[in-house]
$ cat coords35.txt   # compact mmCIF, C-alpha atoms and all ligand atoms
# COMPACT_ATOMS: atom_id res chain seq x y z
CA MET A 1 -14.61 -15.24 -4.16
CA PRO A 2 -12.27 -13.38 -1.81
CA GLY A 3 -11.52 -15.49 1.21
CA ALA A 4 -12.54 -18.74 -0.43
CA PRO A 5 -9.90 -21.46 -0.27
CA GLY A 6 -7.51 -21.09 -3.15
CA ALA A 7 -9.01 -17.81 -4.38
CA GLN A 8 -6.52 -15.75 -6.35
CA ALA A 9 -5.85 -12.27 -5.05
CA GLY A 10 -6.02 -9.97 -8.01
CA ASN A 11 -5.55 -10.90 -11.62
CA ALA A 12 -3.15 -8.19 -12.49
CA GLN A 13 -1.33 -9.69 -15.41
CA ALA A 14 -3.94 -10.53 -18.01
CA GLY A 15 -3.08 -13.96 -19.33
CA GLY A 16 0.15 -13.81 -17.33
CA VAL A 17 1.67 -11.58 -20.00
CA GLY A 18 3.26 -8.19 -19.36
CA ARG A 19 3.74 -6.20 -16.21
CA ALA A 20 0.80 -5.32 -13.99
CA ARG A 21 -0.31 -1.77 -14.74
CA THR A 22 -0.22 -0.09 -11.34
CA ALA A 23 -1.42 3.20 -9.93
CA ILE A 24 0.07 4.65 -6.75
CA LEU A 25 -2.27 6.85 -4.70
CA ILE A 26 -0.67 9.48 -2.48
CA SER A 27 -1.58 12.45 -0.31
CA GLY A 28 1.81 13.74 0.79
CA ARG A 29 5.56 13.42 0.56
CA GLY A 30 5.51 10.10 -1.30
CA SER A 31 8.63 8.38 0.01
CA ASN A 32 6.99 4.95 -0.31
CA MET A 33 5.87 5.96 -3.79
CA ALA A 34 9.50 6.80 -4.59
CA ALA A 35 10.61 3.38 -3.33
CA LEU A 36 8.03 1.70 -5.57
CA LEU A 37 9.05 3.81 -8.57
CA ALA A 38 12.69 2.90 -8.00
CA ALA A 39 11.84 -0.80 -7.92
CA ALA A 40 9.59 -0.54 -10.96
CA ALA A 41 12.31 1.24 -12.94
CA ASN A 42 13.75 -2.24 -13.39
CA PRO A 43 11.97 -3.76 -16.42
CA ALA A 44 12.11 -7.16 -14.70
CA TYR A 45 9.94 -5.88 -11.82
CA PRO A 46 6.44 -7.38 -12.29
CA ALA A 47 4.55 -4.10 -11.75
CA GLU A 48 4.74 -1.09 -14.05
CA VAL A 49 3.70 2.22 -12.49
CA VAL A 50 1.47 3.92 -15.06
CA LEU A 51 -0.09 6.59 -12.85
CA VAL A 52 0.51 8.50 -9.63
CA LEU A 53 -2.78 9.92 -8.42
CA ALA A 54 -3.05 12.41 -5.56
CA ASN A 55 -6.10 13.75 -3.76
CA LYS A 56 -4.46 17.17 -3.42
CA ALA A 57 -2.37 19.23 -5.81
CA SER A 58 0.02 20.09 -2.95
CA ALA A 59 1.16 16.46 -2.50
CA ALA A 60 4.94 16.73 -2.68
CA GLY A 61 5.32 13.30 -4.25
CA LEU A 62 3.71 14.51 -7.50
CA ALA A 63 6.82 16.43 -8.53
CA HIS A 64 9.04 13.42 -7.93
CA ALA A 65 6.75 11.22 -10.03
CA ALA A 66 6.61 13.74 -12.87
CA ALA A 67 10.41 14.07 -12.81
CA ALA A 68 10.60 10.29 -13.13
CA GLY A 69 8.44 10.50 -16.25
CA ILE A 70 5.35 8.95 -14.67
CA ALA A 71 1.87 10.21 -15.57
CA THR A 72 0.30 12.12 -12.68
CA ALA A 73 -3.25 13.16 -11.92
CA VAL A 74 -4.98 15.07 -9.14
CA VAL A 75 -8.55 14.49 -8.03
CA GLU A 76 -9.09 17.13 -5.36
CA SER A 77 -10.97 15.49 -2.52
CA ARG A 78 -11.83 18.96 -1.17
CA ALA A 79 -13.89 19.59 -4.29
CA PHE A 80 -16.10 16.61 -3.37
CA LYS A 81 -16.89 17.50 0.23
CA GLY A 82 -19.57 15.12 1.52
CA ASP A 83 -19.62 13.26 -1.79
CA ARG A 84 -17.25 10.33 -1.41
CA ALA A 85 -18.99 8.45 -4.21
CA GLY A 86 -18.40 11.37 -6.57
CA PHE A 87 -14.75 11.63 -5.50
CA GLU A 88 -14.21 7.95 -6.10
CA ALA A 89 -16.04 8.04 -9.44
CA ALA A 90 -13.60 10.74 -10.57
CA MET A 91 -10.67 8.61 -9.37
CA GLN A 92 -12.13 5.54 -11.06
CA ALA A 93 -12.31 7.46 -14.34
CA GLU A 94 -8.59 8.29 -14.09
CA LEU A 95 -7.76 4.70 -13.22
CA GLU A 96 -9.70 3.46 -16.22
CA ARG A 97 -8.16 6.07 -18.50
CA HIS A 98 -4.77 4.59 -17.62
CA ASP A 99 -6.01 1.00 -17.82
CA VAL A 100 -4.90 0.30 -14.25
CA ALA A 101 -4.94 -3.26 -12.92
CA LEU A 102 -3.48 -2.75 -9.43
CA ILE A 103 -3.62 0.09 -6.90
CA ALA A 104 -0.96 0.72 -4.26
CA LEU A 105 -1.96 3.16 -1.52
CA ALA A 106 1.11 4.99 -0.26
CA GLY A 107 0.23 7.51 2.39
CA PHE A 108 -3.19 8.09 0.84
CA MET A 109 -5.17 9.83 3.58
CA ARG A 110 -8.76 9.30 2.44
CA VAL A 111 -10.95 6.49 3.70
CA LEU A 112 -12.33 4.56 0.74
CA THR A 113 -15.95 3.43 0.54
CA GLU A 114 -16.95 -0.18 0.72
CA ALA A 115 -18.12 0.03 -2.90
CA PHE A 116 -14.70 1.18 -4.14
CA VAL A 117 -12.82 -1.33 -2.01
CA THR A 118 -15.07 -4.17 -3.14
CA ARG A 119 -14.62 -3.21 -6.76
CA TRP A 120 -10.82 -3.42 -6.34
CA GLN A 121 -10.74 -6.27 -3.85
CA GLY A 122 -7.58 -8.33 -4.20
CA ARG A 123 -6.00 -5.65 -6.40
CA LEU A 124 -5.78 -2.87 -3.79
CA VAL A 125 -2.88 -2.86 -1.37
CA ASN A 126 -1.80 -0.53 1.44
CA ILE A 127 1.18 0.06 3.68
CA HIS A 128 0.56 0.91 7.30
CA PRO A 129 3.18 2.02 9.84
CA SER A 130 2.50 -0.55 12.56
CA LEU A 131 2.42 -4.27 13.06
CA LEU A 132 -1.29 -4.76 12.37
CA PRO A 133 -3.66 -5.59 13.93
CA SER A 134 -1.93 -3.44 16.57
CA PHE A 135 -2.35 0.30 16.15
CA PRO A 136 -4.64 0.82 13.16
CA GLY A 137 -5.36 4.48 12.40
CA LEU A 138 -3.15 7.51 12.94
CA GLU A 139 -0.20 8.39 15.22
CA THR A 140 0.97 4.80 15.32
CA HIS A 141 4.49 5.60 16.55
CA GLU A 142 3.24 7.73 19.44
CA ARG A 143 0.81 5.00 20.44
CA ALA A 144 3.43 2.26 20.19
CA LEU A 145 5.70 4.26 22.51
CA ALA A 146 2.86 4.94 24.93
CA ALA A 147 1.99 1.23 25.02
CA GLY A 148 5.59 0.31 25.77
CA VAL A 149 5.84 -2.29 23.01
CA ARG A 150 9.35 -3.66 22.40
CA LEU A 151 8.77 -4.34 18.73
CA HIS A 152 7.09 -2.05 16.24
CA GLY A 153 7.08 -2.06 12.45
CA CYS A 154 5.02 -1.90 9.30
CA THR A 155 2.52 -4.01 7.41
CA VAL A 156 1.59 -4.36 3.77
CA HIS A 157 -1.93 -5.68 3.43
CA LEU A 158 -4.71 -6.14 0.94
CA VAL A 159 -7.42 -3.59 1.62
CA SER A 160 -10.78 -4.65 3.06
CA PRO A 161 -13.62 -2.24 3.79
CA GLY A 162 -12.52 -1.62 7.42
CA VAL A 163 -9.78 0.98 8.04
CA ASP A 164 -6.30 -0.61 8.10
CA GLU A 165 -7.81 -4.06 7.81
CA GLY A 166 -7.37 -6.85 5.32
CA PRO A 167 -5.22 -9.89 4.66
CA ILE A 168 -1.57 -9.30 5.60
CA LEU A 169 0.99 -9.78 2.83
CA ALA A 170 4.18 -8.90 4.69
CA GLN A 171 5.45 -7.30 7.85
CA ALA A 172 8.78 -5.90 8.98
CA ALA A 173 9.61 -5.46 12.65
CA VAL A 174 12.06 -3.06 14.28
CA PRO A 175 13.09 -2.78 17.93
CA VAL A 176 11.89 0.10 20.06
CA LEU A 177 15.04 1.50 21.64
CA ALA A 178 15.51 3.29 24.93
CA GLY A 179 15.40 7.01 24.22
CA ASP A 180 13.26 6.67 21.11
CA ASP A 181 10.78 9.40 20.37
CA ALA A 182 8.09 9.24 17.71
CA ASP A 183 10.42 10.73 15.09
CA SER A 184 13.32 8.34 15.65
CA LEU A 185 10.98 5.37 15.74
CA ALA A 186 9.15 6.56 12.61
CA ALA A 187 12.46 6.87 10.76
CA ARG A 188 13.46 3.32 11.71
CA VAL A 189 10.08 1.99 10.57
CA LEU A 190 10.11 4.04 7.36
CA ALA A 191 13.42 2.51 6.28
CA GLN A 192 11.75 -0.90 6.51
CA GLU A 193 8.63 0.34 4.70
CA HIS A 194 10.82 1.23 1.75
CA ARG A 195 12.17 -2.35 1.61
CA LEU A 196 8.93 -4.11 2.35
CA TYR A 197 6.49 -2.41 0.00
CA PRO A 198 8.35 -3.08 -3.26
CA ALA A 199 8.77 -6.74 -2.30
CA ALA A 200 5.12 -7.22 -1.36
CA LEU A 201 3.78 -5.40 -4.41
CA ALA A 202 5.98 -7.61 -6.59
CA TRP A 203 4.42 -10.76 -5.12
CA LEU A 204 0.93 -9.46 -5.82
CA ALA A 205 1.79 -8.25 -9.32
CA ALA A 206 3.40 -11.56 -10.18
CA GLY A 207 0.24 -13.42 -9.15
CA ARG A 208 1.95 -15.14 -6.23
CA VAL A 209 -0.72 -14.20 -3.67
CA ARG A 210 -3.69 -16.46 -2.92
CA LEU A 211 -6.42 -15.97 -0.38
CA GLN A 212 -7.16 -18.85 1.93
CA ASP A 213 -9.71 -18.58 4.74
CA GLY A 214 -9.42 -14.80 4.62
CA ARG A 215 -5.63 -14.85 4.92
CA ALA A 216 -3.08 -14.12 2.21
CA VAL A 217 -0.77 -16.94 1.25
CA VAL A 218 2.31 -16.09 -0.78
CA GLN A 219 3.66 -18.78 -3.07
CA ASP A 220 7.26 -19.84 -2.45
CA ALA A 221 7.15 -18.08 0.89
CA GLU A 222 10.27 -19.81 2.16
CA GLY A 223 12.81 -17.45 0.67
CA PRO A 224 12.28 -13.71 0.44
CA VAL A 225 9.08 -13.63 2.46
CA ALA A 226 10.65 -15.21 5.49
CA ALA A 227 13.67 -12.93 5.24
CA LEU A 228 11.58 -9.81 4.91
CA ALA A 229 9.13 -10.76 7.61
CA ASN A 230 11.83 -10.32 10.23
CA PRO A 231 14.53 -8.09 8.80
CA LEU A 232 17.44 -7.15 10.99
CA PRO A 233 17.24 -3.58 12.32
C1 LIG B 1 3.95 6.02 5.69
O1 LIG B 1 4.42 5.88 7.00
C2 LIG B 1 2.90 4.99 5.38
O2 LIG B 1 3.11 3.79 6.04
C3 LIG B 1 1.65 5.65 5.89
O3 LIG B 1 1.79 7.00 5.59
C4 LIG B 1 3.17 7.32 5.51
C5 LIG B 1 3.36 7.92 4.16
O4 LIG B 1 4.67 8.36 3.97
N1 LIG B 1 0.48 5.02 5.31
P1 LIG B 1 5.19 8.63 2.50
O5 LIG B 1 4.23 9.64 1.89
O6 LIG B 1 5.21 7.34 1.76
O7 LIG B 1 6.55 9.22 2.68
$ encode --input "coords35.txt" --output "structure tokens"
Amino acid sequence: MPGAPGAQAGNAQAGGVGRARTAILISGRGSNMAALLAAAANPAYPAEVVLVLANKASAAGLAHAAAAGIATAVVESRAFKGDRAGFEAAMQAELERHDVALIALAGFMRVLTEAFVTRWQGRLVNIHPSLLPSFPGLETHERALAAGVRLHGCTVHLVSPGVDEGPILAQAAVPVLAGDDADSLAARVLAQEHRLYPAALAWLAAGRVRLQDGRAVVQDAEGPVAALANPLP
């Protein structure tokens, strides 16, 4: 049961054998997707990307994925206006067709229903460009600047039904510098996203993540987790 002491997050590698078959869901440029594909190009990486799925054919990341030899699919969310269940059923069919065990959201701009999230609980992970629980939602960099925070960053978390909620797997912090605007701050955060997401997905894919009292615990957290939690700018 998710949240129960000792509960395992996900069960991506059936019997502990093979790499976790992973789908990346995108809506746009796909730079986090590209970082995950680069990591997964190493056969020793515990996740294998078997599908990049976009909710719009215009998502720029699709071309990069196809060029990397990854299967791509589009389920047009616009075609399912007002029918989120239908949209998700079409996505679920693609995920099943590719025998997907883990889903990584990477700039996927659709809110998922509780039914979908529950079905994938513990096997559905997201990256968000703020230090959650601060600044869920959109325009995180603008809001961080307006709030005058001195540290900003990004979070990889397991997805729960609420938007930008769920047990935190990893965070990276960056300083907010005098003279920053949303673009310069976003670029500094994005560089950390590209480091953080491959590391956090690897922990999940390798079965190193447990849920305890609603929080994610990563096995052997002393080494890479600690280093990545507070990377130098
Ligand atoms: C990233 O900042 C990610 O954290 C957020 O959406 C943005 C997507 O960028 N969820 P990209 O498509 O990965 O380049």
$ closest_residue --input "coords35.txt" --among "A:Ile70, A:Arg110, A:Arg78, A:Asn32" --to "A:Cys154" --atoms "only C-alpha atoms"
A:Asn32
$ closest_residue --input "coords35.txt" --among "A:Ile24, A:Ala101, A:Ala93, A:Leu145" --to "ligand LIG 1 (chain B)" --atoms "all atoms listed in the file"
A:Ile24
$ closest_atom_pairs --input "coords35.txt" --of "chain A" --to "ligand LIG 1 (chain B)" --cutoff "7 Å" --atoms "only C-alpha atoms and all ligand atoms" --output "JSON lines"
{"residue": "A:Ile26", "atom": "CA", "partner": "B:LIG1", "partner_atom": "O5", "distance": 6.6}
{"residue": "A:Ser27", "atom": "CA", "partner": "B:LIG1", "partner_atom": "O5", "distance": 6.8}
{"residue": "A:Gly28", "atom": "CA", "partner": "B:LIG1", "partner_atom": "O5", "distance": 4.9}
{"residue": "A:Arg29", "atom": "CA", "partner": "B:LIG1", "partner_atom": "O5", "distance": 4.2}
{"residue": "A:Gly30", "atom": "CA", "partner": "B:LIG1", "partner_atom": "O5", "distance": 3.5}
{"residue": "A:Ser31", "atom": "CA", "partner": "B:LIG1", "partner_atom": "O7", "distance": 3.5}
{"residue": "A:Asn32", "atom": "CA", "partner": "B:LIG1", "partner_atom": "O6", "distance": 3.6}
{"residue": "A:Met33", "atom": "CA", "partner": "B:LIG1", "partner_atom": "O6", "distance": 5.8}
{"residue": "A:Ala106", "atom": "CA", "partner": "B:LIG1", "partner_atom": "O6", "distance": 5.1}
{"residue": "A:Gly107", "atom": "CA", "partner": "B:LIG1", "partner_atom": "O3", "distance": 3.6}
{"residue": "A:Phe108", "atom": "CA", "partner": "B:LIG1", "partner_atom": "N1", "distance": 6.5}
{"residue": "A:Ile127", "atom": "CA", "partner": "B:LIG1", "partner_atom": "O2", "distance": 4.8}
{"residue": "A:His128", "atom": "CA", "partner": "B:LIG1", "partner_atom": "O2", "distance": 4.0}
{"residue": "A:Pro129", "atom": "CA", "partner": "B:LIG1", "partner_atom": "O2", "distance": 4.2}
{"residue": "A:Cys154", "atom": "CA", "partner": "B:LIG1", "partner_atom": "O2", "distance": 6.8}
{"residue": "A:Leu190", "atom": "CA", "partner": "B:LIG1", "partner_atom": "O1", "distance": 6.0}
{"residue": "A:Glu193", "atom": "CA", "partner": "B:LIG1", "partner_atom": "O2", "distance": 6.6}
$ residues_around --input "coords35.txt" --residues "A:Ala54" --least-positions-apart "4" --cutoff "8 Å" --atoms "all atoms listed in the file" --output "MDAnalysis selection string"
chainID A and resid 25:27 59 62 72:76 108
$ residues_around --input "coords35.txt" --residues "A:Leu124" --least-positions-apart "2" --cutoff "7 Å" --atoms "only C-alpha atoms" --output "compact mmCIF listing (two decimals) with C-alpha atoms, in the coordinates of the input"
# COMPACT_ATOMS: atom_id res chain seq x y z
CA LEU A 102 -3.48 -2.75 -9.43
CA ILE A 103 -3.62 0.09 -6.90
CA ALA A 104 -0.96 0.72 -4.26
CA TRP A 120 -10.82 -3.42 -6.34
CA GLN A 121 -10.74 -6.27 -3.85
CA GLY A 122 -7.58 -8.33 -4.20
CA ASN A 126 -1.80 -0.53 1.44
CA LEU A 158 -4.71 -6.14 0.94
CA VAL A 159 -7.42 -3.59 1.62
$ atom_distance --input "coords35.txt" --atom1 "atom CA of A:Arg188" --atom2 "atom CA of A:Leu131"
13.5 Å
$ residues_around --input "coords35.txt" --residues "A:Ala44" --least-positions-apart "6" --cutoff "12 Å" --atoms "only C-alpha atoms" --output "VMD selection string"
chain A and resid 18 to 20 202 205 to 206
$ atom_distance --input "coords35.txt" --atom1 "atom CA of A:Val50" --atom2 "atom CA of A:Ala68"
11.3 Å
$ closest_residue --input "coords35.txt" --among "A:Ala40, A:Phe87, A:Asn55, A:Pro161" --to "A:Met109" --atoms "only C-alpha atoms"
A:Asn55
$ closest_residue --input "coords35.txt" --among "A:Ala191, A:Leu169, A:Leu36, A:Val49" --to "A:Arg208" --atoms "all atoms listed in the file"
A:Leu169
$ atom_distance --input "coords35.txt" --atom1 "atom CA of A:Ala90" --atom2 "atom CA of A:Arg123"
18.5 Å
$ axis_aligned_box --input "coords35.txt" --around "stretch 123-127 of chain A" --padding-each-side "4 Å" --output "lines of an AutoDock Vina configuration file"
center_x = -2.4
center_y = -2.8
center_z = -1.4
size_x = 15.2
size_y = 13.7
size_z = 18.1
$ closest_residue --input "coords35.txt" --among "A:Val163, A:Ile168, A:Val117, A:Ala79" --to "A:Lys56" --atoms "only C-alpha atoms"
A:Ala79
$ residues_around --input "coords35.txt" --residues "A:Gly153" --least-positions-apart "4" --cutoff "8 Å" --atoms "only C-alpha atoms" --output "PyMOL selection string"
chain A and resi 129-131+171-174+189+192
$ write_last_selection --input "coords35.txt" --atoms "C-alpha atoms" --output "PDB file, in the frame of the given file"
ATOM      1  CA  PRO A 129       3.180   2.020   9.840  1.00  0.00           C
ATOM      2  CA  SER A 130       2.500  -0.550  12.560  1.00  0.00           C
ATOM      3  CA  LEU A 131       2.420  -4.270  13.060  1.00  0.00           C
ATOM      4  CA  GLN A 171       5.450  -7.300   7.850  1.00  0.00           C
ATOM      5  CA  ALA A 172       8.780  -5.900   8.980  1.00  0.00           C
ATOM      6  CA  ALA A 173       9.610  -5.460  12.650  1.00  0.00           C
ATOM      7  CA  VAL A 174      12.060  -3.060  14.280  1.00  0.00           C
ATOM      8  CA  VAL A 189      10.080   1.990  10.570  1.00  0.00           C
ATOM      9  CA  GLN A 192      11.750  -0.900   6.510  1.00  0.00           C
TER      10      GLN A 192
END
$ closest_residue --input "coords35.txt" --among "A:Ala146, A:Ala66, A:Leu112, A:Ala47" --to "A:Gly207" --atoms "only C-alpha atoms"
A:Ala47
$ residues_around --input "coords35.txt" --residues "A:Ala35" --least-positions-apart "4" --cutoff "7 Å" --atoms "all atoms listed in the file" --output "VMD selection string"
chain A and resid 31 39 194 198
$ write_last_selection --input "coords35.txt" --atoms "C-alpha atoms" --output "PDB file, in the coordinates of the input"
ATOM      1  CA  SER A  31       8.630   8.380   0.010  1.00  0.00           C
ATOM      2  CA  ALA A  39      11.840  -0.800  -7.920  1.00  0.00           C
ATOM      3  CA  HIS A 194      10.820   1.230   1.750  1.00  0.00           C
ATOM      4  CA  PRO A 198       8.350  -3.080  -3.260  1.00  0.00           C
TER       5      PRO A 198
END
